[in-house]
Amino acid sequence: MGRPAREPLVGRERELSALQRSLDALVTGQAVVVAVHGEPGTGKTRLLAELAERADSLGVDVRFAAVSRPPSERISEHCPSVLVIDDAHAVKWAEWLETLLRAPSPGPVLVAVAYRDGCHWLPAALARSPWQVTRLSPGPLDAADVAALLPGTPRHMCAQLVAASGGNPLYLSALTGHSPEAVLLAIDPRGIGETPLPDGVLAVAASEVLALDEVRREVAYAVAASGAPADVDVVVRVAGLPEAVVLRALDDLVASGLVRAHGSRIAFRHPLVRAAAYQSAGVTWRTRAHRRAGEYLRLKGGPLPLQAFHAARAASYGDAEAARTLASAAEVVLDSAPTTAAAWVDRAIQVLPYGTGDQLLPLLGRALGLGGNLLRARDVLHTSLANGQSGPEVVRACARTERLLGRYTEAEALLARAGTAGVAAERAAVALLLGDPAGCVGHARHAIAEGDEVAGHVLLALGSVRAGETSAYAAWPAVRLVDGLPDAAVGDHLAGLAWVELALDRTAEAARHVQRGVDIARATGRRSSLPELLAVEAGLALRSGHLDQVRVSCREAHAVAVAMGSVELAALASAVELPAILWQNGPEDALAAAPSPRSPWWAEIAGLTVAEAHLAMGDFTACVGHITASVGTDLSRASGQARGTWAGHLAIAMVGLGRAEEAAGFAEEAVRGSSVIGHFAQSYVFAALGRSTAARDEAARAITGSPVRRARARELLAEHLAAEGDLTAARAELGQAKEGYLACGATWLSARVRFTETRLGARAPRPRRPHGTVEALSGRELEVAELVASGLTNREVATRLFLSRKTVEGHLARVFTKLGVKSRMGVAQRLAARSS
């Protein structure tokens, strides 16, 4: 047997350490057995290759045994030595190996064997062996391992790859270059066969099944078609073979490790193998098998979803009984598997004579909406309304779909015109997104009175917080209800509750509810709730200073929203990501990426960051203009929750425009509103009014909130300390600010703070330097010179240093004079000469 090809080894640190210890023991004269076992594709062969290479590098003789015959030489002829036996479960000379392992070692020898789970004789021989045995069972890789194996792969895609492959390295390799989402659809137990596996994946996953003899292969097909897991009695009926033959074949399949038995139920070792077996069976065989299964389950009164699984694949045109089964089962799984429910209702409508399936359209629309197929859901639900099917569930589902698409006015008009009881919660949600928190609160109270307590309490808390309520009690009734309900009943409410908790700074509770919501959405396929949940997840990451995580969550949210057809939910994701773009890439990129959501609430999220980007550029006029256009000169259109932040930004902009007296009132309002930026803005105002001690104290009070906010406050405090002449304390604060930026990944802020450090250094006493040298430049002049030498224009330098263009021109003129040059090229040459 030749040496196996080397592949990257990740997630195998424990196994590699054990291999090294075994080699160390061999070198010291001990006899060792290394037994690597596991299912196919887990990397057993790769570990043996690593062991052989390490032994070879130590000068130890390495031999590879063939499956067909034992080694021709005595094992003791070369000591120390390593004997490698791959696929030991299939060797034709098991007796030879058993004899070797039972006898005492003839010398320092390492025997490395790899075998599949399900092999019994080899573990028994190892248990009786007098040799030192190291047993290794490489487990599945996790998302972190996949990220290391495939650098640059987004986090959510790594998780999908793990889910699709089960962490099996062989299957991961086969999935490379294919959409993991498509493979997940192909292996979905209820939707198996509806999405084909890619050819390369099918070839790898089906190889074991296709290698079986005809009888065992057909029984494997029957297991694949019967369910996951499959009842033995159903498998017998589906296979269409004599019971004794099927049971004997099942025993063989279990012994080989291809399938596993759980009592009287049988399941494939891996969903990917099941999907490959099912796809390999062929459409004619599968259709007949599903008919046999359906007849048997109807006779026995089998589970409704399982009957629907078979009916969807075997029903013929005009089969009203199959259509009833499909529709009833869709109702059962609507909340737990909406995509499957939609597929079953679609099939029921196809089976029924033309026009007679219209009564199923509301159910189809609800399932499509929950599963995230928003555009088709809207069409189906509007057709239902046009047909006169205007019950509360239809109206509510249609309005919800319009809301998720960002068509708030249409949703509001639909709900108002309907005059239907049971839609108050949806009216509250629409009012909130239209910027009417008071209306949200009113409708939420009505929803509670109607008995819709969970949605009502969550929306009541959310409306209250948006109106400016800061009491932690606002969230308590909703938390109590949500935590006490099963997943199916709270899937759509967890994002709203997490928004409330995030606003109240109850981050641990918010994180708990977001995680539960994301888990539910991923497990059930309720994709419609995922973008907002991921947006709140990003908001939590922003609060904790993990800017890279903000970008990851928002990009996934954006991708899911686009796939759903919702421009509005995509805009929400972009709005939440905007602060991370600002602090990492700078204000120009943030302004270029600013979205325009239709919802005033979500537009406000983006608008606050746009105001801050204008401040970061030093464009105070643009900042004031933006704030005025967004919320009015008196901030009357700001939400109660964000009014203080708007006021703080406006105060800083007014200080920049020399309107410190006007700014004072807005800064005080920001402080009263408990805004994180309140003391920050107040510090700017006091500094402009000449109250340096008060400015310094306010900057110190501003060291609160998220890590980025704390670091920015320390940078401002350093400026005030330097202005008072305390350069030592200023540098200490600036150092902490810089550490904070680096810890958060705020790359643009980290780069900017270096200029502040240079400016503070320039304030220290400096000896006179001769003209014509770089040392003659002041700290600010050196900053300008370095940026000019890097190729920036005067305007770009002004933006980077928060200066006016004229100020930069004045600094540059002095740079030319002191360096004795007449051009920007001359400046670059002088700086380059100093560096060399």
# chains A, B, ... in the order shown; residues from 1 in each chain; ligands from 1

$ select_by_dssp --residues "segment 257-354 of chain A" --states "alpha helix (DSSP H)" --output "PDB file with C-alpha atoms, in the first residue's frame"
ATOM      1  CA  PRO A 271     -27.954  12.127   6.576  1.00  0.00           C
ATOM      2  CA  LEU A 272     -25.725  12.718   3.557  1.00  0.00           C
ATOM      3  CA  VAL A 273     -25.416   8.953   3.028  1.00  0.00           C
ATOM      4  CA  ARG A 274     -29.177   8.584   3.329  1.00  0.00           C
ATOM      5  CA  ALA A 275     -29.771  11.309   0.735  1.00  0.00           C
ATOM      6  CA  ALA A 276     -27.250   9.696  -1.611  1.00  0.00           C
ATOM      7  CA  ALA A 277     -28.860   6.268  -1.202  1.00  0.00           C
ATOM      8  CA  TYR A 278     -32.331   7.721  -1.794  1.00  0.00           C
ATOM      9  CA  GLN A 279     -31.207   9.571  -4.910  1.00  0.00           C
ATOM     10  CA  SER A 280     -29.435   6.474  -6.243  1.00  0.00           C
ATOM     11  CA  VAL A 283     -37.549   7.576  -9.398  1.00  0.00           C
ATOM     12  CA  THR A 284     -39.592   4.501 -10.435  1.00  0.00           C
ATOM     13  CA  TRP A 285     -38.384   2.365  -7.541  1.00  0.00           C
ATOM     14  CA  ARG A 286     -38.937   5.233  -5.092  1.00  0.00           C
ATOM     15  CA  THR A 287     -42.496   5.943  -6.251  1.00  0.00           C
ATOM     16  CA  ARG A 288     -43.543   2.315  -5.828  1.00  0.00           C
ATOM     17  CA  ALA A 289     -41.798   2.137  -2.458  1.00  0.00           C
ATOM     18  CA  HIS A 290     -43.638   5.219  -1.182  1.00  0.00           C
ATOM     19  CA  ARG A 291     -46.988   3.800  -2.323  1.00  0.00           C
ATOM     20  CA  ARG A 292     -46.331   0.592  -0.402  1.00  0.00           C
ATOM     21  CA  ALA A 293     -45.345   2.610   2.662  1.00  0.00           C
ATOM     22  CA  GLY A 294     -48.386   4.890   2.412  1.00  0.00           C
ATOM     23  CA  GLU A 295     -50.814   1.996   2.168  1.00  0.00           C
ATOM     24  CA  TYR A 296     -49.218   0.280   5.165  1.00  0.00           C
ATOM     25  CA  LEU A 297     -49.244   3.467   7.310  1.00  0.00           C
ATOM     26  CA  ARG A 298     -52.877   4.284   6.483  1.00  0.00           C
ATOM     27  CA  LEU A 299     -53.850   0.740   7.427  1.00  0.00           C
ATOM     28  CA  LYS A 300     -51.926   0.963  10.718  1.00  0.00           C
ATOM     29  CA  LEU A 304     -49.701  11.947  10.028  1.00  0.00           C
ATOM     30  CA  PRO A 305     -46.410  13.675   9.043  1.00  0.00           C
ATOM     31  CA  LEU A 306     -44.926  10.322   8.000  1.00  0.00           C
ATOM     32  CA  GLN A 307     -48.028   9.545   5.929  1.00  0.00           C
ATOM     33  CA  ALA A 308     -47.656  12.960   4.286  1.00  0.00           C
ATOM     34  CA  PHE A 309     -43.978  12.317   3.586  1.00  0.00           C
ATOM     35  CA  HIS A 310     -44.921   9.266   1.516  1.00  0.00           C
ATOM     36  CA  ALA A 311     -48.079  10.785   0.032  1.00  0.00           C
ATOM     37  CA  ALA A 312     -46.137  13.779  -1.321  1.00  0.00           C
ATOM     38  CA  ARG A 313     -43.948  11.384  -3.320  1.00  0.00           C
ATOM     39  CA  ALA A 314     -46.540   8.852  -4.442  1.00  0.00           C
ATOM     40  CA  ALA A 320     -58.368  13.456  -2.660  1.00  0.00           C
ATOM     41  CA  GLU A 321     -57.444  11.279   0.315  1.00  0.00           C
ATOM     42  CA  ALA A 322     -53.734  11.997  -0.231  1.00  0.00           C
ATOM     43  CA  ALA A 323     -54.505  15.712  -0.537  1.00  0.00           C
ATOM     44  CA  ARG A 324     -56.377  15.678   2.784  1.00  0.00           C
ATOM     45  CA  THR A 325     -53.443  13.881   4.415  1.00  0.00           C
ATOM     46  CA  LEU A 326     -51.000  16.447   3.043  1.00  0.00           C
ATOM     47  CA  ALA A 327     -53.062  19.445   4.159  1.00  0.00           C
ATOM     48  CA  SER A 328     -53.694  18.053   7.643  1.00  0.00           C
ATOM     49  CA  ALA A 329     -50.023  17.219   8.121  1.00  0.00           C
ATOM     50  CA  ALA A 330     -49.041  20.698   6.912  1.00  0.00           C
ATOM     51  CA  GLU A 331     -51.154  22.225   9.687  1.00  0.00           C
ATOM     52  CA  VAL A 332     -49.359  19.999  12.209  1.00  0.00           C
ATOM     53  CA  VAL A 333     -45.824  20.986  11.120  1.00  0.00           C
ATOM     54  CA  PRO A 338     -42.886  25.763   7.476  1.00  0.00           C
ATOM     55  CA  THR A 339     -40.931  25.009   4.308  1.00  0.00           C
ATOM     56  CA  THR A 340     -42.042  21.376   4.475  1.00  0.00           C
ATOM     57  CA  ALA A 341     -45.605  22.491   5.181  1.00  0.00           C
ATOM     58  CA  ALA A 342     -45.550  24.717   2.095  1.00  0.00           C
ATOM     59  CA  ALA A 343     -44.254  21.857  -0.060  1.00  0.00           C
ATOM     60  CA  TRP A 344     -47.011  19.533   1.180  1.00  0.00           C
ATOM     61  CA  VAL A 345     -49.775  22.076   0.564  1.00  0.00           C
ATOM     62  CA  ASP A 346     -48.356  22.788  -2.885  1.00  0.00           C
ATOM     63  CA  ARG A 347     -48.478  19.070  -3.628  1.00  0.00           C
ATOM     64  CA  ALA A 348     -52.032  18.775  -2.309  1.00  0.00           C
ATOM     65  CA  ILE A 349     -53.159  21.604  -4.609  1.00  0.00           C
ATOM     66  CA  GLN A 350     -51.424  19.900  -7.558  1.00  0.00           C
ATOM     67  CA  VAL A 351     -53.191  16.608  -6.822  1.00  0.00           C
TER      68      VAL A 351
END

$ residues_around --residues "segment 461-464 of chain A" --least-positions-apart "3" --cutoff "6 Å" --atoms "only C-alpha atoms" --output "ChimeraX atom specification"
/A:437,440-441,458,467,469,474-475,500

$ atom_distance --atom1 "atom CA of Ser129 of chain A" --atom2 "atom CA of Leu100 of chain A"
8.9 Å

$ closest_atom_pairs --of "segment 22-91 of chain A" --to "segment 165-175 of chain A" --cutoff "10 Å" --atoms "only C-alpha atoms" --output "Markdown table"
| residue | atom | partner | partner_atom | distance |
| --- | --- | --- | --- | --- |
| A:Glu39 | CA | A:Asn168 | CA | 8.8 |
| A:Pro40 | CA | A:Leu170 | CA | 7.9 |
| A:Gly41 | CA | A:Leu170 | CA | 4.4 |
| A:Thr42 | CA | A:Asn168 | CA | 5.3 |
| A:Gly43 | CA | A:Pro169 | CA | 6.6 |

$ closest_residue --among "A:Glu588, A:Ala498, A:Leu241, A:Glu181" --to "Ala563 of chain A" --atoms "only C-alpha atoms"
A:Glu181

$ closest_residue --among "A:Ala785, A:Leu110, A:Leu150, A:Ala444" --to "Met825 of chain A" --atoms "only C-alpha atoms"
A:Ala785

$ residues_around --residues "Ile652 of chain A" --least-positions-apart "2" --cutoff "12 Å" --atoms "only C-alpha atoms" --output "compact mmCIF listing (two decimals) with all heavy atoms, in the first residue's frame"
# COMPACT_ATOMS: atom_id res chain seq x y z
N ALA A 611 -24.83 60.93 11.29
CA ALA A 611 -24.47 62.17 12.00
C ALA A 611 -23.07 62.05 12.60
O ALA A 611 -22.26 62.99 12.52
CB ALA A 611 -25.50 62.45 13.10
N GLU A 612 -22.77 60.91 13.18
CA GLU A 612 -21.46 60.73 13.79
C GLU A 612 -20.35 60.68 12.73
O GLU A 612 -19.23 61.14 12.97
CB GLU A 612 -21.46 59.45 14.62
CG GLU A 612 -20.37 59.41 15.67
CD GLU A 612 -20.70 58.49 16.82
OE1 GLU A 612 -21.70 57.76 16.77
OE2 GLU A 612 -19.94 58.52 17.80
N HIS A 614 -20.37 62.42 9.93
CA HIS A 614 -20.11 63.82 9.58
C HIS A 614 -19.22 64.48 10.64
O HIS A 614 -18.31 65.25 10.31
CB HIS A 614 -21.42 64.59 9.45
CG HIS A 614 -22.19 64.28 8.20
ND1 HIS A 614 -21.63 64.35 6.94
CD2 HIS A 614 -23.50 63.90 8.01
CE1 HIS A 614 -22.54 64.03 6.03
NE2 HIS A 614 -23.68 63.76 6.65
N LEU A 615 -19.47 64.18 11.90
CA LEU A 615 -18.62 64.72 12.97
C LEU A 615 -17.19 64.22 12.83
O LEU A 615 -16.23 64.97 13.03
CB LEU A 615 -19.18 64.33 14.34
CG LEU A 615 -20.51 64.96 14.76
CD1 LEU A 615 -20.96 64.40 16.11
CD2 LEU A 615 -20.39 66.48 14.83
N ALA A 616 -17.04 62.94 12.50
CA ALA A 616 -15.71 62.38 12.37
C ALA A 616 -14.94 63.01 11.23
O ALA A 616 -13.70 63.10 11.26
CB ALA A 616 -15.80 60.86 12.16
N GLY A 618 -15.31 66.13 10.47
CA GLY A 618 -15.17 67.55 10.75
C GLY A 618 -16.11 68.42 9.93
O GLY A 618 -15.95 69.64 9.88
N ASP A 619 -17.09 67.80 9.30
CA ASP A 619 -18.06 68.55 8.48
C ASP A 619 -19.28 68.87 9.34
O ASP A 619 -20.32 68.21 9.26
CB ASP A 619 -18.45 67.72 7.26
CG ASP A 619 -19.14 68.55 6.19
OD1 ASP A 619 -19.60 69.66 6.52
OD2 ASP A 619 -19.22 68.09 5.03
N PHE A 620 -19.14 69.89 10.17
CA PHE A 620 -20.17 70.21 11.16
C PHE A 620 -21.43 70.76 10.52
O PHE A 620 -22.54 70.52 10.99
CB PHE A 620 -19.60 71.19 12.19
CG PHE A 620 -18.34 70.69 12.84
CD1 PHE A 620 -17.13 71.36 12.66
CD2 PHE A 620 -18.34 69.52 13.58
CE1 PHE A 620 -15.96 70.89 13.23
CE2 PHE A 620 -17.17 69.05 14.16
CZ PHE A 620 -15.98 69.73 13.99
N THR A 621 -21.26 71.49 9.42
CA THR A 621 -22.43 72.02 8.71
C THR A 621 -23.29 70.88 8.18
O THR A 621 -24.52 70.90 8.32
CB THR A 621 -21.98 72.93 7.56
OG1 THR A 621 -21.20 74.01 8.09
CG2 THR A 621 -23.18 73.50 6.81
N CYS A 623 -23.41 67.89 9.34
CA CYS A 623 -24.00 67.18 10.47
C CYS A 623 -25.28 67.87 10.94
O CYS A 623 -26.31 67.23 11.14
CB CYS A 623 -22.99 67.09 11.62
SG CYS A 623 -23.60 66.16 13.04
N VAL A 624 -25.20 69.20 11.10
CA VAL A 624 -26.39 69.95 11.53
C VAL A 624 -27.50 69.82 10.50
O VAL A 624 -28.67 69.61 10.85
CB VAL A 624 -26.03 71.43 11.77
CG1 VAL A 624 -27.30 72.25 12.02
CG2 VAL A 624 -25.08 71.57 12.95
N ILE A 627 -29.09 66.30 10.79
CA ILE A 627 -29.93 66.15 11.99
C ILE A 627 -31.23 66.91 11.81
O ILE A 627 -32.32 66.42 12.14
CB ILE A 627 -29.17 66.62 13.24
CG1 ILE A 627 -28.00 65.68 13.53
CG2 ILE A 627 -30.10 66.68 14.45
CD1 ILE A 627 -27.08 66.14 14.65
N THR A 645 -29.27 61.02 22.21
CA THR A 645 -28.12 60.83 21.33
C THR A 645 -28.12 61.85 20.20
O THR A 645 -27.08 62.42 19.85
CB THR A 645 -28.11 59.40 20.75
OG1 THR A 645 -28.18 58.47 21.84
CG2 THR A 645 -26.86 59.14 19.96
N TRP A 646 -29.32 62.11 19.63
CA TRP A 646 -29.41 63.16 18.61
C TRP A 646 -28.95 64.50 19.20
O TRP A 646 -28.19 65.25 18.55
CB TRP A 646 -30.85 63.31 18.12
CG TRP A 646 -31.36 62.27 17.18
CD1 TRP A 646 -32.34 61.36 17.42
CD2 TRP A 646 -30.93 62.05 15.83
NE1 TRP A 646 -32.55 60.58 16.31
CE2 TRP A 646 -31.70 60.98 15.31
CE3 TRP A 646 -29.97 62.64 15.01
CZ2 TRP A 646 -31.54 60.51 14.02
CZ3 TRP A 646 -29.83 62.17 13.70
CH2 TRP A 646 -30.60 61.11 13.22
N ALA A 647 -29.39 64.78 20.41
CA ALA A 647 -29.02 66.05 21.04
C ALA A 647 -27.52 66.15 21.26
O ALA A 647 -26.91 67.22 21.04
CB ALA A 647 -29.76 66.19 22.38
N GLY A 648 -26.89 65.06 21.67
CA GLY A 648 -25.44 65.07 21.88
C GLY A 648 -24.68 65.34 20.59
O GLY A 648 -23.73 66.14 20.56
N HIS A 649 -25.08 64.67 19.50
CA HIS A 649 -24.42 64.90 18.22
C HIS A 649 -24.59 66.35 17.77
O HIS A 649 -23.65 66.98 17.26
CB HIS A 649 -24.99 63.96 17.15
CG HIS A 649 -24.62 62.52 17.35
ND1 HIS A 649 -23.46 62.12 17.96
CD2 HIS A 649 -25.26 61.38 16.97
CE1 HIS A 649 -23.40 60.80 17.97
NE2 HIS A 649 -24.48 60.32 17.37
N LEU A 650 -25.81 66.88 17.94
CA LEU A 650 -26.07 68.26 17.52
C LEU A 650 -25.23 69.24 18.33
O LEU A 650 -24.70 70.23 17.79
CB LEU A 650 -27.56 68.57 17.67
CG LEU A 650 -28.03 69.94 17.16
CD1 LEU A 650 -27.65 70.14 15.71
CD2 LEU A 650 -29.53 70.08 17.36
N MET A 654 -22.54 71.93 16.78
CA MET A 654 -22.66 73.37 17.01
C MET A 654 -21.39 73.95 17.62
O MET A 654 -20.98 75.06 17.29
CB MET A 654 -23.86 73.65 17.91
CG MET A 654 -25.19 73.50 17.20
SD MET A 654 -26.58 73.91 18.28
CE MET A 654 -27.91 74.00 17.07
N VAL A 655 -20.75 73.19 18.49
CA VAL A 655 -19.46 73.64 19.03
C VAL A 655 -18.47 73.81 17.89
O VAL A 655 -17.73 74.80 17.81
CB VAL A 655 -18.93 72.65 20.07
CG1 VAL A 655 -17.47 72.95 20.41
CG2 VAL A 655 -19.77 72.70 21.34
N GLY A 656 -18.47 72.86 16.96
CA GLY A 656 -17.57 72.95 15.82
C GLY A 656 -17.83 74.15 14.95
O GLY A 656 -16.92 74.67 14.28
N LEU A 657 -19.08 74.63 14.95
CA LEU A 657 -19.44 75.81 14.17
C LEU A 657 -19.33 77.11 14.96
O LEU A 657 -19.74 78.17 14.49
CB LEU A 657 -20.87 75.66 13.64
CG LEU A 657 -21.09 74.53 12.61
CD1 LEU A 657 -22.57 74.36 12.31
CD2 LEU A 657 -20.31 74.80 11.33
N GLY A 658 -18.79 77.01 16.19
CA GLY A 658 -18.63 78.21 17.02
C GLY A 658 -19.90 78.67 17.69
O GLY A 658 -20.00 79.83 18.11
N ARG A 659 -20.87 77.78 17.85
CA ARG A 659 -22.16 78.15 18.47
C ARG A 659 -22.28 77.45 19.82
O ARG A 659 -23.24 76.73 20.08
CB ARG A 659 -23.30 77.76 17.53
CG ARG A 659 -23.27 78.51 16.20
CD ARG A 659 -24.03 77.79 15.09
NE ARG A 659 -25.43 77.58 15.40
CZ ARG A 659 -26.27 76.90 14.61
NH1 ARG A 659 -25.81 76.36 13.47
NH2 ARG A 659 -27.53 76.74 14.95
N ALA A 660 -21.27 77.65 20.67
CA ALA A 660 -21.21 76.93 21.94
C ALA A 660 -22.38 77.25 22.85
O ALA A 660 -22.87 76.39 23.58
CB ALA A 660 -19.89 77.24 22.64
N GLU A 661 -22.84 78.51 22.86
CA GLU A 661 -23.96 78.88 23.74
C GLU A 661 -25.21 78.10 23.36
O GLU A 661 -25.93 77.61 24.23
CB GLU A 661 -24.21 80.39 23.64
CG GLU A 661 -23.06 81.26 24.14
CD GLU A 661 -22.91 81.18 25.65
OE1 GLU A 661 -23.82 80.69 26.32
OE2 GLU A 661 -21.85 81.62 26.15
N GLU A 662 -25.48 78.00 22.05
CA GLU A 662 -26.63 77.21 21.59
C GLU A 662 -26.43 75.74 21.93
O GLU A 662 -27.38 75.04 22.30
CB GLU A 662 -26.77 77.34 20.08
CG GLU A 662 -27.61 78.50 19.59
CD GLU A 662 -27.76 78.43 18.09
OE1 GLU A 662 -28.73 77.78 17.62
OE2 GLU A 662 -26.91 78.99 17.39
N ALA A 663 -25.20 75.28 21.78
CA ALA A 663 -24.92 73.86 22.00
C ALA A 663 -25.17 73.44 23.43
O ALA A 663 -25.50 72.28 23.70
CB ALA A 663 -23.48 73.56 21.60
N ALA A 664 -25.01 74.38 24.38
CA ALA A 664 -25.12 74.03 25.79
C ALA A 664 -26.46 73.39 26.13
O ALA A 664 -26.53 72.41 26.87
CB ALA A 664 -24.87 75.27 26.66
N GLY A 665 -27.52 73.94 25.58
CA GLY A 665 -28.85 73.39 25.88
C GLY A 665 -29.02 71.97 25.39
O GLY A 665 -29.59 71.11 26.07
N PHE A 666 -28.53 71.70 24.19
CA PHE A 666 -28.64 70.35 23.65
C PHE A 666 -27.77 69.37 24.42
O PHE A 666 -28.15 68.21 24.63
CB PHE A 666 -28.26 70.35 22.17
CG PHE A 666 -29.28 71.01 21.29
CD1 PHE A 666 -29.01 72.24 20.69
CD2 PHE A 666 -30.53 70.44 21.08
CE1 PHE A 666 -29.95 72.87 19.89
CE2 PHE A 666 -31.48 71.04 20.27
CZ PHE A 666 -31.20 72.27 19.68
N ALA A 667 -26.59 69.82 24.85
CA ALA A 667 -25.73 68.94 25.66
C ALA A 667 -26.40 68.59 26.97
O ALA A 667 -26.35 67.44 27.43
CB ALA A 667 -24.39 69.62 25.90
N GLU A 668 -27.04 69.58 27.60
CA GLU A 668 -27.74 69.31 28.86
C GLU A 668 -28.89 68.33 28.64
O GLU A 668 -29.14 67.43 29.46
CB GLU A 668 -28.28 70.62 29.44
CG GLU A 668 -27.19 71.53 29.99
CD GLU A 668 -27.72 72.90 30.39
OE1 GLU A 668 -28.95 73.09 30.32
OE2 GLU A 668 -26.92 73.77 30.76
N ALA A 670 -28.96 66.01 26.37
CA ALA A 670 -28.34 64.70 26.17
C ALA A 670 -27.99 64.05 27.50
O ALA A 670 -28.17 62.84 27.69
CB ALA A 670 -27.10 64.83 25.29
N ILE A 677 -23.69 59.45 25.10
CA ILE A 677 -22.90 60.52 24.50
C ILE A 677 -23.11 61.85 25.22
O ILE A 677 -22.45 62.84 24.89
CB ILE A 677 -23.26 60.65 23.00
CG1 ILE A 677 -22.10 61.27 22.23
CG2 ILE A 677 -24.52 61.46 22.80
CD1 ILE A 677 -22.26 61.21 20.73
N GLY A 678 -24.00 61.90 26.22
CA GLY A 678 -24.32 63.17 26.88
C GLY A 678 -23.12 63.86 27.49
O GLY A 678 -22.84 65.04 27.22
N HIS A 679 -22.39 63.18 28.37
CA HIS A 679 -21.23 63.78 29.02
C HIS A 679 -20.13 64.07 28.00
O HIS A 679 -19.38 65.04 28.15
CB HIS A 679 -20.70 62.86 30.11
CG HIS A 679 -21.64 62.71 31.27
ND1 HIS A 679 -21.96 63.75 32.11
CD2 HIS A 679 -22.37 61.63 31.70
CE1 HIS A 679 -22.81 63.33 33.03
NE2 HIS A 679 -23.08 62.05 32.80
N PHE A 680 -20.04 63.24 26.97
CA PHE A 680 -19.06 63.46 25.91
C PHE A 680 -19.32 64.81 25.23
O PHE A 680 -18.40 65.62 25.05
CB PHE A 680 -19.19 62.31 24.90
CG PHE A 680 -18.09 62.22 23.89
CD1 PHE A 680 -16.89 61.61 24.20
CD2 PHE A 680 -18.26 62.71 22.60
CE1 PHE A 680 -15.87 61.50 23.26
CE2 PHE A 680 -17.25 62.61 21.66
CZ PHE A 680 -16.05 61.99 21.99
N ALA A 681 -20.60 65.06 24.90
CA ALA A 681 -20.96 66.32 24.26
C ALA A 681 -20.78 67.50 25.23
O ALA A 681 -20.31 68.58 24.85
CB ALA A 681 -22.41 66.25 23.78
N GLN A 682 -21.15 67.29 26.49
CA GLN A 682 -21.01 68.35 27.49
C GLN A 682 -19.55 68.76 27.64
O GLN A 682 -19.22 69.94 27.84
CB GLN A 682 -21.55 67.83 28.83
CG GLN A 682 -21.67 68.88 29.92
CD GLN A 682 -22.95 69.67 29.81
OE1 GLN A 682 -23.06 70.53 28.93
NE2 GLN A 682 -23.90 69.39 30.68
N SER A 683 -18.64 67.81 27.51
CA SER A 683 -17.21 68.11 27.61
C SER A 683 -16.78 69.06 26.49
O SER A 683 -16.01 70.00 26.71
CB SER A 683 -16.40 66.81 27.56
OG SER A 683 -15.02 67.06 27.64
N TYR A 684 -17.27 68.81 25.28
CA TYR A 684 -16.95 69.70 24.16
C TYR A 684 -17.48 71.12 24.43
O TYR A 684 -16.79 72.11 24.16
CB TYR A 684 -17.58 69.17 22.87
CG TYR A 684 -16.73 68.18 22.11
CD1 TYR A 684 -16.88 66.81 22.30
CD2 TYR A 684 -15.77 68.61 21.21
CE1 TYR A 684 -16.10 65.90 21.61
CE2 TYR A 684 -14.98 67.71 20.51
CZ TYR A 684 -15.16 66.35 20.72
OH TYR A 684 -14.38 65.45 20.03
N VAL A 685 -18.70 71.19 24.94
CA VAL A 685 -19.30 72.51 25.20
C VAL A 685 -18.50 73.27 26.24
O VAL A 685 -18.16 74.46 26.05
CB VAL A 685 -20.77 72.34 25.64
CG1 VAL A 685 -21.34 73.68 26.10
CG2 VAL A 685 -21.60 71.77 24.50
N PHE A 686 -18.16 72.62 27.35
CA PHE A 686 -17.42 73.31 28.41
C PHE A 686 -16.05 73.76 27.92
O PHE A 686 -15.57 74.84 28.27
CB PHE A 686 -17.27 72.40 29.63
CG PHE A 686 -18.53 72.24 30.42
CD1 PHE A 686 -18.73 71.13 31.25
CD2 PHE A 686 -19.54 73.19 30.37
CE1 PHE A 686 -19.89 70.98 31.98
CE2 PHE A 686 -20.71 73.04 31.11
CZ PHE A 686 -20.89 71.94 31.91
N ALA A 687 -15.40 72.94 27.10
CA ALA A 687 -14.10 73.33 26.57
C ALA A 687 -14.23 74.57 25.70
O ALA A 687 -13.39 75.49 25.77
CB ALA A 687 -13.49 72.18 25.78
N ALA A 688 -15.29 74.63 24.89
CA ALA A 688 -15.48 75.79 24.02
C ALA A 688 -15.81 77.04 24.82
O ALA A 688 -15.52 78.16 24.39
CB ALA A 688 -16.60 75.50 23.02

$ closest_residue --among "A:Ala488, A:Ala508, A:Ala224, A:Ala143" --to "Arg526 of chain A" --atoms "only C-alpha atoms"
A:Ala488

$ residues_around --residues "Arg714 of chain A" --least-positions-apart "6" --cutoff "10 Å" --atoms "only C-alpha atoms" --output "PyMOL selection string"
chain A and resi 699-704+708+720+730+732-738+740

$ atom_distance --atom1 "atom CA of Gly565 of chain A" --atom2 "atom CA of Ala377 of chain A"
10.9 Å

$ closest_residue --among "A:Arg637, A:His270, A:Arg672, A:Arg21" --to "Pro600 of chain A" --atoms "only C-alpha atoms"
A:Arg637

$ residues_around --residues "segment 393-402 of chain A" --least-positions-apart "3" --cutoff "8 Å" --atoms "only C-alpha atoms" --output "number ranges by chain"
A: 362, 365-366, 369, 374, 377-378, 381-382, 384-385, 389-390, 405-408, 410-412, 414-415, 418, 423, 426

$ closest_residue --among "A:Pro138, A:Gly456, A:Gly745, A:Gly388" --to "Glu15 of chain A" --atoms "only C-alpha atoms"
A:Pro138
